file protein16.cif (mmCIF, C-alpha atoms and all ligand atoms)
data_run
loop_
_atom_site.label_atom_id
_atom_site.label_comp_id
_atom_site.auth_asym_id
_atom_site.auth_seq_id
_atom_site.Cartn_x
_atom_site.Cartn_y
_atom_site.Cartn_z
CA MET A 1 -64.70 -37.40 -55.49
CA SER A 2 -62.83 -40.41 -54.36
CA LYS A 3 -64.35 -43.25 -52.41
CA THR A 4 -61.94 -42.57 -49.58
CA LYS A 5 -63.17 -39.01 -49.33
CA ASP A 6 -66.79 -40.19 -49.36
CA ALA A 7 -66.00 -42.68 -46.66
CA LEU A 8 -64.23 -40.01 -44.65
CA ILE A 9 -67.22 -37.69 -44.97
CA ILE A 10 -69.55 -40.46 -43.78
CA ILE A 11 -67.24 -41.23 -40.85
CA ALA A 12 -67.01 -37.55 -40.07
CA ALA A 13 -70.79 -37.27 -40.20
CA VAL A 14 -71.19 -40.29 -37.95
CA LEU A 15 -68.61 -38.90 -35.54
CA LEU A 16 -70.36 -35.56 -35.63
CA ALA A 17 -73.67 -37.20 -34.87
CA LEU A 18 -72.04 -39.06 -31.99
CA ALA A 19 -70.49 -35.82 -30.76
CA VAL A 20 -73.90 -34.12 -30.80
CA LEU A 21 -75.43 -37.10 -28.97
CA LEU A 22 -72.64 -36.98 -26.39
CA LEU A 23 -73.28 -33.27 -25.93
CA VAL A 24 -76.98 -33.84 -25.38
CA VAL A 25 -76.22 -36.60 -22.84
CA ILE A 26 -73.74 -34.32 -21.03
CA VAL A 27 -76.23 -31.45 -20.94
CA VAL A 28 -79.05 -33.67 -19.67
CA MET A 29 -76.83 -35.25 -17.01
CA ASP A 30 -75.54 -31.88 -15.93
CA ARG A 31 -79.08 -30.59 -15.47
CA MET A 32 -80.02 -33.64 -13.44
CA LYS A 33 -77.15 -32.96 -11.03
CA GLY A 34 -79.38 -31.01 -8.69
CA PRO A 35 -79.86 -27.39 -7.68
CA ASN A 36 -78.40 -24.82 -10.03
CA PRO A 37 -77.34 -21.80 -8.11
CA GLY A 38 -78.34 -18.83 -10.23
CA GLY A 39 -76.04 -17.20 -12.76
CA ASP A 40 -73.01 -19.41 -12.02
CA THR A 41 -74.79 -22.34 -13.62
CA GLY A 42 -74.79 -20.59 -16.96
CA ARG A 43 -71.00 -20.46 -17.07
CA ALA A 44 -70.57 -23.97 -15.73
CA ASP A 45 -72.89 -25.35 -18.43
CA THR A 46 -71.09 -23.51 -21.19
CA THR A 47 -67.79 -24.92 -19.97
CA ALA A 48 -69.30 -28.40 -19.93
CA PHE A 49 -70.30 -28.09 -23.59
CA THR A 50 -67.01 -26.60 -24.70
CA GLU A 51 -64.73 -29.05 -23.01
CA PRO A 52 -65.68 -32.35 -24.66
CA LEU A 53 -65.91 -30.75 -28.10
CA PRO A 54 -62.22 -30.18 -28.83
CA GLU A 55 -61.55 -33.83 -28.00
CA THR A 56 -64.16 -35.00 -30.47
CA SER A 57 -63.28 -32.54 -33.15
CA LEU A 58 -59.55 -33.07 -32.73
CA SER A 59 -59.93 -36.74 -33.40
CA GLN A 60 -61.24 -35.77 -36.84
CA GLU A 61 -58.80 -34.60 -39.46
CA THR A 62 -61.47 -33.66 -41.96
CA GLU A 63 -62.36 -30.09 -42.59
CA PRO A 64 -66.16 -30.19 -42.57
CA ALA A 65 -66.29 -31.86 -39.21
CA PRO A 66 -64.80 -29.04 -37.12
CA GLU A 67 -66.96 -26.52 -38.98
CA SER A 68 -70.12 -28.51 -38.37
CA SER A 69 -69.28 -29.36 -34.80
CA THR A 70 -68.44 -25.73 -34.08
CA SER A 71 -71.70 -24.52 -35.55
CA VAL A 72 -73.65 -27.19 -33.66
CA ASP A 73 -71.82 -26.32 -30.48
CA VAL A 74 -72.58 -22.62 -30.86
CA THR A 75 -76.22 -23.30 -31.61
CA THR A 76 -76.57 -25.59 -28.63
CA ALA A 77 -74.68 -23.21 -26.41
CA GLU A 78 -76.80 -20.29 -27.60
CA LEU A 79 -80.00 -22.16 -27.05
CA THR A 80 -78.90 -23.24 -23.62
CA THR A 81 -77.78 -19.76 -22.65
CA GLU A 82 -81.05 -18.38 -23.92
CA GLU A 83 -82.98 -20.95 -21.94
CA LEU A 84 -80.95 -20.26 -18.85
CA THR A 85 -81.35 -16.53 -19.24
CA THR A 86 -85.11 -16.92 -19.64
CA ALA A 87 -85.20 -19.15 -16.61
CA GLU A 88 -83.20 -16.66 -14.58
CA ILE A 89 -85.40 -13.76 -15.63
CA THR A 90 -88.56 -15.67 -14.77
CA THR A 91 -87.20 -16.64 -11.38
CA ALA A 92 -86.06 -13.10 -10.72
CA GLU A 93 -89.45 -11.68 -11.70
CA ILE A 94 -91.35 -14.09 -9.48
CA THR A 95 -89.08 -13.38 -6.55
CA THR A 96 -89.44 -9.63 -6.97
CA GLU A 97 -93.21 -9.97 -7.22
CA GLU A 98 -93.34 -12.11 -4.08
CA LEU A 99 -91.14 -9.67 -2.22
CA THR A 100 -93.27 -6.72 -3.26
CA THR A 101 -96.44 -8.47 -2.14
CA ALA A 102 -94.82 -9.43 1.14
CA GLY A 103 -93.62 -5.86 1.59
CA GLU A 104 -97.10 -4.44 1.05
CA THR A 105 -98.57 -6.92 3.50
CA THR A 106 -96.04 -5.96 6.14
CA ALA A 107 -96.63 -2.25 5.60
CA GLU A 108 -100.40 -2.47 6.17
CA PRO A 109 -101.39 -5.51 8.24
CA SER A 110 -104.78 -6.82 7.21
CA VAL A 111 -106.79 -8.00 10.19
CA THR A 112 -109.10 -10.88 9.47
CA GLN A 113 -112.00 -10.18 11.82
CA PRO A 114 -114.01 -13.19 13.02
CA VAL A 115 -117.32 -13.66 11.22
CA VAL A 116 -120.16 -14.85 13.48
CA GLY A 117 -123.16 -16.38 11.73
CA ASP A 118 -124.42 -13.90 9.12
CA TRP A 119 -122.62 -11.01 10.74
CA VAL A 120 -119.55 -9.87 8.83
CA PRO A 121 -117.57 -7.27 10.78
CA VAL A 122 -116.83 -4.09 8.90
CA LYS A 123 -113.65 -2.06 8.56
CA ILE A 124 -114.56 1.64 8.62
CA GLU A 125 -112.99 3.43 5.65
CA GLY A 126 -110.86 6.45 6.42
CA ALA A 127 -110.69 5.60 10.13
CA THR A 128 -107.57 5.35 12.27
CA ASP A 129 -106.76 1.81 13.37
CA LEU A 130 -106.06 1.78 17.10
CA GLY A 131 -105.58 -1.95 17.57
CA VAL A 132 -107.40 -5.22 17.83
CA SER A 133 -109.79 -6.35 20.59
CA SER A 134 -109.26 -9.56 22.57
CA LYS A 135 -111.76 -11.24 20.21
CA GLY A 136 -109.85 -10.10 17.14
CA TYR A 137 -112.02 -7.15 16.11
CA LEU A 138 -110.54 -3.98 14.72
CA ILE A 139 -110.75 -0.99 17.08
CA GLN A 140 -110.98 2.17 15.02
CA GLN A 141 -111.60 5.87 15.48
CA LYS A 142 -113.16 8.24 13.01
CA ASP A 143 -114.31 11.81 13.67
CA GLY A 144 -113.87 11.15 17.39
CA LEU A 145 -116.16 8.09 17.35
CA TYR A 146 -114.95 4.62 18.30
CA TYR A 147 -115.85 1.53 16.32
CA VAL A 148 -115.16 -2.12 17.12
CA GLY A 149 -115.73 -4.52 14.24
CA GLY A 150 -117.53 -1.59 12.59
CA ILE A 151 -120.02 -1.22 15.47
CA LEU A 152 -120.18 2.23 17.06
CA ILE A 153 -119.29 1.93 20.74
CA ALA A 154 -120.27 4.28 23.55
CA ASN A 155 -119.42 2.90 26.98
CA LYS A 156 -117.15 3.76 29.92
CA SER A 157 -113.99 2.97 27.96
CA TYR A 158 -115.04 4.51 24.64
CA PRO A 159 -116.63 7.97 24.88
CA LEU A 160 -118.35 10.11 22.27
CA PRO A 161 -117.18 13.64 21.51
CA SER A 162 -119.07 16.22 23.58
CA ASP A 163 -120.17 17.95 20.39
CA TYR A 164 -121.38 14.81 18.66
CA ILE A 165 -124.93 15.12 17.36
CA PRO A 166 -126.22 12.27 15.16
CA GLU A 167 -127.16 13.41 11.66
CA GLY A 168 -130.70 14.72 11.46
CA PHE A 169 -131.08 15.49 15.16
CA PRO A 170 -131.72 19.06 16.30
CA VAL A 171 -129.17 21.25 18.02
CA PRO A 172 -129.24 20.08 21.66
CA MET A 173 -130.99 21.91 24.44
CA VAL A 174 -130.67 21.07 28.11
CA ASP A 175 -133.95 19.37 28.95
CA GLN A 176 -134.38 17.55 25.73
CA VAL A 177 -135.37 13.96 25.16
CA ILE A 178 -136.19 12.91 21.64
CA SER A 179 -138.27 9.82 21.13
CA LYS A 180 -136.69 8.72 17.89
CA PHE A 181 -133.71 6.90 16.45
CA LEU A 182 -131.42 7.32 13.48
CA PRO A 183 -133.21 6.11 10.28
CA ASP A 184 -132.02 2.46 10.20
CA ALA A 185 -132.72 1.97 13.89
CA GLN A 186 -136.06 3.75 13.56
CA ALA A 187 -137.08 1.42 10.71
CA GLY A 188 -136.14 -1.57 12.89
CA TYR A 189 -138.12 -0.17 15.80
CA ASP A 190 -141.22 0.50 13.68
CA GLU A 191 -141.05 -3.02 12.29
CA MET A 192 -140.64 -4.38 15.83
CA LYS A 193 -143.77 -2.53 17.03
CA VAL A 194 -145.87 -3.93 14.20
CA ALA A 195 -144.60 -7.47 14.88
CA PHE A 196 -145.31 -7.17 18.61
CA LYS A 197 -148.87 -6.00 17.98
CA ALA A 198 -149.46 -8.84 15.53
CA GLU A 199 -148.10 -11.45 17.93
CA ASN A 200 -149.65 -9.93 21.09
CA PRO A 201 -152.96 -8.33 20.00
CA THR A 202 -154.33 -7.84 23.51
CA ALA A 203 -151.16 -6.42 25.13
CA ALA A 204 -150.81 -2.70 25.89
CA GLY A 205 -147.69 -2.39 23.73
CA PHE A 206 -144.46 -0.49 24.27
CA LYS A 207 -143.15 3.00 23.63
CA ILE A 208 -139.86 4.86 23.51
CA GLN A 209 -139.57 6.50 26.90
CA SER A 210 -136.17 8.03 26.32
CA GLY A 211 -134.44 7.90 22.95
CA TYR A 212 -131.78 10.36 21.86
CA ARG A 213 -130.26 12.41 24.66
CA SER A 214 -127.80 15.15 23.92
CA TYR A 215 -124.51 15.62 25.76
CA LEU A 216 -126.10 18.54 27.60
CA THR A 217 -129.12 16.52 28.67
CA GLN A 218 -126.90 13.68 29.87
CA THR A 219 -124.79 16.16 31.82
CA ARG A 220 -127.84 17.43 33.70
CA LEU A 221 -129.17 13.91 34.24
CA TYR A 222 -125.90 12.49 35.53
CA ASN A 223 -125.19 15.46 37.77
CA ASN A 224 -128.65 15.14 39.34
CA TYR A 225 -128.14 11.43 40.01
CA ALA A 226 -124.63 12.01 41.36
CA ALA A 227 -125.90 14.77 43.69
CA ALA A 228 -128.71 12.57 44.97
CA ASN A 229 -126.95 9.18 45.19
CA GLY A 230 -123.24 9.92 45.14
CA LYS A 231 -120.96 9.51 42.16
CA ALA A 232 -120.12 5.84 42.75
CA ALA A 233 -123.76 4.80 42.83
CA ALA A 234 -124.70 7.06 39.92
CA ASP A 235 -121.96 5.45 37.82
CA THR A 236 -123.69 2.07 38.08
CA PHE A 237 -126.89 3.21 36.34
CA SER A 238 -126.22 6.54 34.68
CA ALA A 239 -123.55 7.29 32.12
CA ARG A 240 -121.26 10.25 32.54
CA PRO A 241 -121.74 12.80 29.76
CA GLY A 242 -120.11 11.59 26.57
CA HIS A 243 -120.37 7.95 27.61
CA SER A 244 -124.10 7.45 27.09
CA GLU A 245 -125.44 5.30 24.28
CA HIS A 246 -128.44 7.61 24.19
CA GLN A 247 -126.20 10.21 22.53
CA THR A 248 -125.64 7.89 19.56
CA GLY A 249 -129.24 8.01 18.33
CA LEU A 250 -129.12 4.22 18.26
CA ALA A 251 -130.37 3.39 21.78
CA ALA A 252 -133.56 3.88 23.77
CA ASP A 253 -135.25 3.06 27.03
CA ILE A 254 -138.42 1.23 26.11
CA ASN A 255 -141.34 1.10 28.50
CA VAL A 256 -144.82 -0.37 28.61
CA VAL A 257 -147.52 1.99 27.35
CA GLY A 258 -149.16 3.68 30.35
CA THR A 259 -146.12 3.24 32.62
CA TRP A 260 -143.84 6.16 33.39
CA THR A 261 -141.17 4.78 35.63
CA LEU A 262 -138.49 2.46 34.35
CA LEU A 263 -138.59 -0.54 36.63
CA GLU A 264 -136.82 -3.87 36.61
CA SER A 265 -140.26 -5.47 36.82
CA ILE A 266 -140.69 -4.74 33.11
CA LYS A 267 -138.86 -8.03 32.61
CA ASN A 268 -142.01 -9.83 33.85
CA THR A 269 -144.42 -8.05 31.51
CA THR A 270 -145.56 -9.39 28.14
CA GLU A 271 -143.74 -6.49 26.51
CA GLY A 272 -140.50 -6.93 28.45
CA LYS A 273 -140.35 -10.68 27.90
CA TRP A 274 -141.12 -10.36 24.22
CA LEU A 275 -138.52 -7.61 23.70
CA ALA A 276 -135.81 -9.59 25.47
CA ALA A 277 -136.55 -12.66 23.33
CA ASN A 278 -137.34 -11.02 19.98
CA SER A 279 -135.67 -7.61 19.63
CA TRP A 280 -132.68 -9.23 17.86
CA ARG A 281 -134.99 -10.04 14.92
CA PHE A 282 -135.23 -6.29 14.31
CA GLY A 283 -131.58 -5.42 14.94
CA PHE A 284 -131.72 -4.61 18.67
CA ILE A 285 -129.93 -6.10 21.66
CA LEU A 286 -130.69 -5.90 25.36
CA ARG A 287 -127.60 -3.87 26.07
CA TYR A 288 -127.14 -4.40 29.82
CA PRO A 289 -128.22 -7.97 30.54
CA GLU A 290 -128.65 -9.56 33.96
CA GLY A 291 -125.43 -10.78 35.57
CA LYS A 292 -123.16 -8.86 33.20
CA SER A 293 -122.58 -5.70 35.24
CA ASP A 294 -118.86 -6.40 35.62
CA LYS A 295 -118.57 -6.44 31.80
CA THR A 296 -120.99 -3.70 30.75
CA GLY A 297 -120.25 -1.40 33.67
CA TYR A 298 -123.97 -0.93 34.35
CA ILE A 299 -126.71 -2.60 36.35
CA TYR A 300 -129.22 -4.87 34.64
CA GLU A 301 -131.47 -2.64 32.55
CA PRO A 302 -134.28 -4.70 30.99
CA TRP A 303 -135.56 -1.54 29.28
CA HIS A 304 -132.43 -0.32 27.49
CA PHE A 305 -132.10 -1.51 23.89
CA ARG A 306 -129.43 -0.73 21.37
CA TYR A 307 -129.64 -1.05 17.60
CA ILE A 308 -126.62 -2.74 15.96
CA GLY A 309 -128.23 -4.18 12.80
CA LYS A 310 -130.03 -7.48 12.26
CA GLU A 311 -127.05 -9.74 11.52
CA ALA A 312 -125.00 -8.44 14.44
CA ALA A 313 -127.97 -8.52 16.83
CA LYS A 314 -128.70 -12.15 15.93
CA ALA A 315 -125.05 -13.09 16.45
CA VAL A 316 -124.87 -11.34 19.84
CA TYR A 317 -128.23 -12.74 20.98
CA GLU A 318 -127.31 -16.31 20.06
CA SER A 319 -123.91 -15.98 21.75
CA GLY A 320 -125.56 -15.26 25.11
CA LEU A 321 -122.87 -12.63 25.69
CA CYS A 322 -123.18 -8.92 26.32
CA LEU A 323 -121.77 -6.64 23.63
CA GLU A 324 -118.49 -6.06 25.50
CA GLU A 325 -117.87 -9.80 25.86
CA PHE A 326 -118.92 -10.49 22.30
CA LEU A 327 -116.52 -7.93 20.85
CA GLY A 328 -113.79 -8.44 23.44
CA ILE A 329 -113.63 -4.92 24.90
CA ASP A 330 -113.81 -3.25 28.34
CA SER A 331 -116.21 -0.74 29.82
CA VAL A 332 -114.24 1.02 32.52
CA TYR A 333 -113.70 4.74 33.08
CA PRO A 334 -110.03 5.67 32.59
CA GLU A 335 -109.95 6.85 36.22
CA SER A 336 -112.77 6.66 38.69
ZN ZN B 1 -130.93 3.83 28.64
#

call {"tool": "encode", "arguments": {"input": "protein16.cif", "output": "structure tokens"}}
result
Amino acid sequence: MSKTKDALIIIAAVLLALAVLLLVVIVVMDRMKGPNPGGDTGRADTTAFTEPLPETSLSQETEPAPESSTSVDVTTAELTTEELTTAEITTAEITTEELTTAGETTAEPSVTQPVVGDWVPVKIEGATDLGVSSKGYLIQQKDGLYYVGGILIANKSYPLPSDYIPEGFPVPMVDQVISKFLPDAQAGYDEMKVAFKAENPTAAGFKIQSGYRSYLTQTRLYNNYAAANGKAAADTFSARPGHSEHQTGLAADINVVGTWTLLESIKNTTEGKWLAANSWRFGFILRYPEGKSDKTGYIYEPWHFRYIGKEAAKAVYESGLCLEEFLGIDSVYPES
């Protein structure tokens, strides 16, 4: 080997190194140019690498140089293409994933129901979603029963099926009043009785005067009241059949032991006062409070209590609202 050839090889190597450096600078600068719009960038980059190369390699007469520069160019180009492809695939995957998630969300809107205190509203599984109340609670229907925020509703706007009999209750007869609740409500009531006795040892105590009433019983009751007082008046204190909470097995008229008539004056008794102030501790609410007739659809009934569970009862009690206001629903007959 001649010295000239050695020198040429060194020069070629230096030039090659410079060419590679130039390529790297070009690639880096090109990437810093800003947004790369998708697949077009791949081609643009490749062109950027290819263009300066011939210039560099042409300036070299030596054989190894073009070979080396070509191989370097290919490697760089391959790497870059690979990188770009990977980047494209990743972007594409993410986008598809996002779109799919968005699509699912649009298909089945998830309602975030307001949580109040310890009460977390429930979405009834397998129920039909009918809409959302003015307070943001899900209105659902399952087996003919209406639920708002997971709470079973029986009022003038939301009736019960005429054939609805709570589980465990006997087949209805006409003159039938059953002094018991569904199990959870019954447990709350029993606990409430014990607590009352402990806190008021000398008081007479309270009893269930009228618990579960069947559709048939309510029909007789309402018809009697309507015949005696007129329909309009009867509607203020007696539910039309299918609209009574007594048919749910979750409500009862509670009276003082030894008293047989339900009177507003119960609100002044030890029992009445205590129930109004404490029934929430056991899962009950005073369902038709004073001054809320335009919301509940019924007169003030200091004896009528409804079981909705401890967390919900506490939330409703502390709100100072009646159940309709609390949930954001109406209690109006479709047509009077
Ligand atoms: Zn009642």

call {"tool": "atom_distance", "arguments": {"input": "protein16.cif", "atom1": "atom CA of Gln247 of chain A", "atom2": "atom CA of Lys197 of chain A"}}
result
28.2 Å

call {"tool": "closest_residue", "arguments": {"input": "protein16.cif", "among": "A:Lys193, A:Lys295, A:Arg287, A:Lys267", "to": "ligand ZN 1 (chain B)", "atoms": "only C-alpha atoms and all ligand atoms"}}
result
A:Arg287

call {"tool": "axis_aligned_box", "arguments": {"input": "protein16.cif", "around": "segment 113-124 of chain A", "padding_each_side": "3 Å", "output": "AutoDock Vina command-line options"}}
result
--center_x -118.2 --center_y -7.4 --center_z 11.0 --size_x 18.4 --size_y 24.0 --size_z 10.9

call {"tool": "residues_near_ligand", "arguments": {"input": "protein16.cif", "ligand": "ligand ZN 1 (chain B)", "cutoff": "9 Å", "atoms": "all atoms listed in the file", "output": "list of chain:residue names"}}
result
A:Ser210, A:Gly211, A:Phe237, A:Ser238, A:Ala239, A:Ser244, A:Glu245, A:His246, A:Ala251, A:Ala252, A:Asp253, A:Ile254, A:Arg287, A:Glu301, A:Trp303, A:His304, A:Phe305, A:Arg306

call {"tool": "atom_distance", "arguments": {"input": "protein16.cif", "atom1": "atom CA of Lys135 of chain A", "atom2": "atom CA of Tyr300 of chain A"}}
result
23.5 Å

call {"tool": "atom_distance", "arguments": {"input": "protein16.cif", "atom1": "atom CA of Ala226 of chain A", "atom2": "atom CA of Val148 of chain A"}}
result
29.6 Å

call {"tool": "closest_residue", "arguments": {"input": "protein16.cif", "among": "A:Arg240, A:Lys142, A:Lys314, A:Lys123", "to": "Pro159 of chain A", "atoms": "all atoms listed in the file"}}
result
A:Arg240

call {"tool": "build_atoms", "arguments": {"input": "protein16.cif", "residues": "segment 307-320 of chain A", "atoms": "N, CA and C atoms", "output": "PDB file, keeping the file's coordinate frame"}}
result
ATOM      1  N   TYR A 307    -129.596  -0.546  18.979  1.00  0.00           N
ATOM      2  CA  TYR A 307    -129.640  -1.050  17.600  1.00  0.00           C
ATOM      3  C   TYR A 307    -128.224  -1.257  17.080  1.00  0.00           C
ATOM      4  N   ILE A 308    -127.945  -2.466  16.573  1.00  0.00           N
ATOM      5  CA  ILE A 308    -126.620  -2.740  15.960  1.00  0.00           C
ATOM      6  C   ILE A 308    -126.769  -3.397  14.591  1.00  0.00           C
ATOM      7  N   GLY A 309    -128.002  -3.521  14.098  1.00  0.00           N
ATOM      8  CA  GLY A 309    -128.230  -4.180  12.800  1.00  0.00           C
ATOM      9  C   GLY A 309    -128.660  -5.634  13.014  1.00  0.00           C
ATOM     10  N   LYS A 310    -129.433  -6.149  12.087  1.00  0.00           N
ATOM     11  CA  LYS A 310    -130.030  -7.480  12.260  1.00  0.00           C
ATOM     12  C   LYS A 310    -129.015  -8.618  12.380  1.00  0.00           C
ATOM     13  N   GLU A 311    -128.021  -8.631  11.506  1.00  0.00           N
ATOM     14  CA  GLU A 311    -127.050  -9.740  11.520  1.00  0.00           C
ATOM     15  C   GLU A 311    -126.255  -9.735  12.814  1.00  0.00           C
ATOM     16  N   ALA A 312    -125.799  -8.553  13.213  1.00  0.00           N
ATOM     17  CA  ALA A 312    -125.000  -8.440  14.440  1.00  0.00           C
ATOM     18  C   ALA A 312    -125.853  -8.777  15.665  1.00  0.00           C
ATOM     19  N   ALA A 313    -127.088  -8.272  15.686  1.00  0.00           N
ATOM     20  CA  ALA A 313    -127.970  -8.520  16.830  1.00  0.00           C
ATOM     21  C   ALA A 313    -128.250 -10.015  16.994  1.00  0.00           C
ATOM     22  N   LYS A 314    -128.448 -10.701  15.883  1.00  0.00           N
ATOM     23  CA  LYS A 314    -128.700 -12.150  15.930  1.00  0.00           C
ATOM     24  C   LYS A 314    -127.470 -12.868  16.487  1.00  0.00           C
ATOM     25  N   ALA A 315    -126.295 -12.458  16.001  1.00  0.00           N
ATOM     26  CA  ALA A 315    -125.050 -13.090  16.450  1.00  0.00           C
ATOM     27  C   ALA A 315    -124.832 -12.876  17.951  1.00  0.00           C
ATOM     28  N   VAL A 316    -125.066 -11.643  18.418  1.00  0.00           N
ATOM     29  CA  VAL A 316    -124.870 -11.340  19.840  1.00  0.00           C
ATOM     30  C   VAL A 316    -125.905 -12.091  20.682  1.00  0.00           C
ATOM     31  N   TYR A 317    -127.162 -12.065  20.235  1.00  0.00           N
ATOM     32  CA  TYR A 317    -128.230 -12.740  20.980  1.00  0.00           C
ATOM     33  C   TYR A 317    -127.922 -14.233  21.126  1.00  0.00           C
ATOM     34  N   GLU A 318    -127.573 -14.862  20.030  1.00  0.00           N
ATOM     35  CA  GLU A 318    -127.310 -16.310  20.060  1.00  0.00           C
ATOM     36  C   GLU A 318    -126.061 -16.668  20.863  1.00  0.00           C
ATOM     37  N   SER A 319    -125.143 -15.714  20.989  1.00  0.00           N
ATOM     38  CA  SER A 319    -123.910 -15.980  21.750  1.00  0.00           C
ATOM     39  C   SER A 319    -124.185 -16.008  23.261  1.00  0.00           C
ATOM     40  N   GLY A 320    -125.262 -15.335  23.684  1.00  0.00           N
ATOM     41  CA  GLY A 320    -125.560 -15.260  25.110  1.00  0.00           C
ATOM     42  C   GLY A 320    -124.627 -14.312  25.850  1.00  0.00           C
TER      43      GLY A 320
END
